[in-house]
Structure formats: structure tokens, C-alpha cells
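To start, the structure under review is shown below, and the notes come after it.
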Amino acid sequence: MNTVPIPSRLIEFLEAHDHFYIFSHVEPDGDCIGSSLALGSFLRRKGKSITYVNPGPFDRPEISPLAPLFESSISAAQGAGIVVDCSTLDRLGSVASQVSHLELAVIDHHSSGEDFGHIRWINTSSPATGLMIQMVIMAMGEFPTLEEAEHIFFAFATDTGFFRHLNDTSSFSFSLVSDLVKAGVSPKEMFHRVNGGSSFEAKKHLGLLLGAMEEYSNKRIILVAETLQMTQKFGRKNRESDTFYQQCMTIGEVEVVALLREDEDGSITGGLRSRSFLDVGSLAAEMGGGGHQRAAGFRVSGPLEEVKKRLLGLLQEAMRLI
């Protein structure tokens, strides 16, 4: 993780306003939820009022208990907005059209996306937006409370696969995480929170996805096209997509894994993961999405087979050029 200076305008912005709406992306994960809650808790300590906004759905079992803390939309908003862990305005979902009148600050670590917001702090080398929130707290002369430290560690643990995706440039990240443990966070308890509580149906769904794997380019590409019928067989909430990616990445030759999902409205949600060198953030951008170099996603109009054909063409061409 490289140190990217926090813009002085961001600190001034956080000090100047009395009320903040904190926004994060649709289909939220642990990083955007943990980042939102840690930042909101800190700003409340500074005397600010906070409204958390995320349209959901909160399907992941590790974040579903937190759904009541978030509003799904806003109306006649007064104050300022902070967007965390979101690379494109449309990733705010139905809320995107409601924020145009707000002064917006963006705190994010994705490697691709669009330039939106009045104040932007982007650090693509940070393994999680949560660590950037920790740096903001420290830059404003404070240290995270235990509650805030737990939110930040949760954000970091979920976005790094509990440290699996880190490399030898991560010493600064680990120094920040060390401070979270000093604040009282238990990595053991956090691991159970992130990985425990799986359902029988989730394991059956995972088996369904693994059984639908297709390989291309001499097993360097794994692709699964999940139809609406496949999703409905075990329910949308019973998903273990992260475990699916993890299992596929253990295949010796694999460099990239793609998971396409047909949604109820006919659109297609895509997720991409790479092991070593393929920049899936750039590939996702070509599909209208964005993300990190090693993890990215997109959402496009169907039908599923046409999206699959287009994505596979991009993946095979990218592998050919490497």
C-alpha cells in the first residue's frame, strides 16, 4: 500500500458540515458497509449527524444484520454527501439520481471507474477503503474506538479474503491493522463473523456453480453463466460467490474467473477475479463497470448468452495479448 496524501479539502469538508449522508454501492459488501459505519461513528463523535444510505440488497449473511442501519433512499436531503468504496455514480443504484444537488466527497480504492464528486481521494493501492477511513480518523487527530476498529477490520478482512490477496508490498497495511488489534479487535472472532453462519442451501448453491464451470484457453479462464432458474433453485440469499472464486482460483492453470448472473429484471451481473497479472478492472470497464485490478464487476442488459459471448471474447483476447 502506497501513501496517497489525504486532500486538505477533504478534511476541511468533514469539519465544515454538520450533517452527512454516507452512500455506498448497491449489492453492498463488507468493505463499503464497514467503511460507512466506521466513518459515521467517528463523525458522530465530532458532533455531526449521520444518515447511512444504501439501496441494498443486503443478501450477504455477514452484513444482513446491519441492514436496519441504512436508509434505502433519500428525499429533500439537506447537508453534504460522502460516497465510500464506489467507483461509478451509477453503482449507487436508485440513489444516484438523488444526490446531484449535494456537495459530494468520494473516498475509494478502485482502479477503474469515473470521475465524479467535488472532492476525491482515491488510493488504488489500498487493499480496502476501510483502511483509508482509518487514515482519515488519524489525520483528524483521533484513533478509532473499538467499535470503529471492528468496522475497519471487517472491511479489510472481507476485501482481502482475510489476508489472502495481499503481497509483499503490504507492510504499511499491516501496521494499520496492528493498531486495530491494539484497539481490541479479535481476528479470531472476526474470522468467524465473516465466514461462519453458512446455510445448507448456500453449500448446495455453491455445488451448483462449481458443477456449471466451463474452461477456456487451456483452463486459464473459468466461466460460469448462472441462469435465473439456477439462482431461484436455492434462493438469492443463499450465495457464496466469494467461496466460489476461492475454489476456482485453486485450479493450477487458472488466471481469471468470471461469474455471470441473470437477474430478475433481465439484466446481467458479472464478477471477475484474477490471480496474478490480468487487470480485470479494465476489462470490467469495457463492460460498463469497474473495480480493482484483481477483482471487479459490472451490470449490463441481457440476454445472458450474448453477454457471455462478449465477455468471453474480451477475456480470450486479453489472455492472448499477455
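Please note that chains go A, B, ... in the order of the C-alpha cells, that every chain numbers its residues from 1, and that ligands are numbered from 1 in the order shown.
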
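Those residues that approach A:His118 to within 7 Å, counting only C-alpha atoms, are Glu103, Leu104 and Ala105 of chain A; same-chain residues fewer than 3 positions away are not listed.
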
Test item: residues at most 7 Å from stretch 238-246 of chain A, only C-alpha atoms, excluding those fewer than 6 positions along its chain, as a list in words:
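Within the cut-off, the hits are Glu201, Ala202, His205, Leu206 and Val257 of chain A.
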
Please save C-alpha atoms of the selected residues as a PDB file, in the first residue's frame.
ATOM      1  CA  GLU A 201     -28.755 -24.207   0.862  1.00  0.00           C
ATOM      2  CA  ALA A 202     -25.681 -21.996   0.337  1.00  0.00           C
ATOM      3  CA  HIS A 205     -25.810 -23.488  -4.454  1.00  0.00           C
ATOM      4  CA  LEU A 206     -22.014 -23.441  -4.353  1.00  0.00           C
ATOM      5  CA  VAL A 257     -12.590 -16.494 -13.091  1.00  0.00           C
TER       6      VAL A 257
END

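Interatomic distance, atom CA of A:Gly290 against atom CA of A:Leu66: 25.4 Å.
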
With a distance cut-off of 8 Å and only C-alpha atoms, select the neighbouring residues of stretch 140-145 of chain A, excluding the residue or stretch itself and same-chain residues fewer than 6 positions from it, and output the selection as a count of residues only.
5

Please list as a ChimeraX atom specification every residue within 12 Å of stretch 43-52 of chain A, counting only C-alpha atoms and excluding residues in the same chain fewer than 4 positions away.
/A:11,13-25,32-39,56,66-75,77-84,95,133,136-137,140-145,147-148

Give me the residues near A:Phe116 as a PDB file with C-alpha atoms, in the first residue's frame, where near means some atom within 8 Å (using only C-alpha atoms) and where sequence neighbours in that chain fewer than 6 positions away do not count.
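As written to disk, selection-v2.pdb reads:
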ATOM      1  CA  THR A  88     -19.032   4.973 -10.549  1.00  0.00           C
ATOM      2  CA  LEU A  89     -22.075   7.090  -9.753  1.00  0.00           C
ATOM      3  CA  VAL A 106     -15.556  10.428  -2.692  1.00  0.00           C
TER       4      VAL A 106
END

Going by DSSP on the backbone, which residues of stretch 10-141 of chain A come out as strand (DSSP E or B)? List them as a list in words.
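Matching residues for strand (DSSP E or B) in stretch 10-141 of chain A are His19, Phe20, Tyr21, Ile22, Phe23, Ser49, Ile50, Thr51, Tyr52, Val53, Glu71, Ala80, Gly81, Ile82, Val83, Val84, Glu103, Leu104, Ala105, Val106, Ile107, Asp108, Ser112, Ile119, Arg120, Trp121 and Ile122 of chain A.
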
Go ahead and write the selection's residues with C-alpha atoms as a PDB file, in the first residue's frame.
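Full text of out.pdb as output:
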ATOM      1  CA  HIS A  19     -24.891  16.629   8.611  1.00  0.00           C
ATOM      2  CA  PHE A  20     -23.616  13.967   6.240  1.00  0.00           C
ATOM      3  CA  TYR A  21     -25.269  11.341   4.096  1.00  0.00           C
ATOM      4  CA  ILE A  22     -22.880   8.427   3.676  1.00  0.00           C
ATOM      5  CA  PHE A  23     -23.539   6.498   0.469  1.00  0.00           C
ATOM      6  CA  SER A  49     -25.335  13.916  12.448  1.00  0.00           C
ATOM      7  CA  ILE A  50     -25.247  10.991  10.028  1.00  0.00           C
ATOM      8  CA  THR A  51     -27.617   9.187   7.675  1.00  0.00           C
ATOM      9  CA  TYR A  52     -26.389   5.948   6.118  1.00  0.00           C
ATOM     10  CA  VAL A  53     -27.833   5.259   2.661  1.00  0.00           C
ATOM     11  CA  GLU A  71     -31.923   4.061   4.531  1.00  0.00           C
ATOM     12  CA  ALA A  80     -23.418  17.043   2.323  1.00  0.00           C
ATOM     13  CA  GLY A  81     -22.693  13.607   0.925  1.00  0.00           C
ATOM     14  CA  ILE A  82     -19.792  11.177   1.248  1.00  0.00           C
ATOM     15  CA  VAL A  83     -19.501   8.263  -1.176  1.00  0.00           C
ATOM     16  CA  VAL A  84     -17.305   5.409   0.047  1.00  0.00           C
ATOM     17  CA  GLU A 103     -21.767  18.539  -2.372  1.00  0.00           C
ATOM     18  CA  LEU A 104     -20.052  15.156  -2.629  1.00  0.00           C
ATOM     19  CA  ALA A 105     -16.752  13.803  -1.363  1.00  0.00           C
ATOM     20  CA  VAL A 106     -15.556  10.428  -2.692  1.00  0.00           C
ATOM     21  CA  ILE A 107     -13.242   8.055  -0.789  1.00  0.00           C
ATOM     22  CA  ASP A 108     -12.387   4.978  -2.825  1.00  0.00           C
ATOM     23  CA  SER A 112     -11.157   1.961 -12.654  1.00  0.00           C
ATOM     24  CA  ILE A 119     -13.661  16.245  -3.655  1.00  0.00           C
ATOM     25  CA  ARG A 120     -11.963  12.946  -4.459  1.00  0.00           C
ATOM     26  CA  TRP A 121      -9.424  10.873  -2.545  1.00  0.00           C
ATOM     27  CA  ILE A 122      -8.540   7.743  -4.494  1.00  0.00           C
TER      28      ILE A 122
END

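When atom CA of A:Ala128 is paired with atom CA of A:Asp85, their separation reads 8.2 Å.
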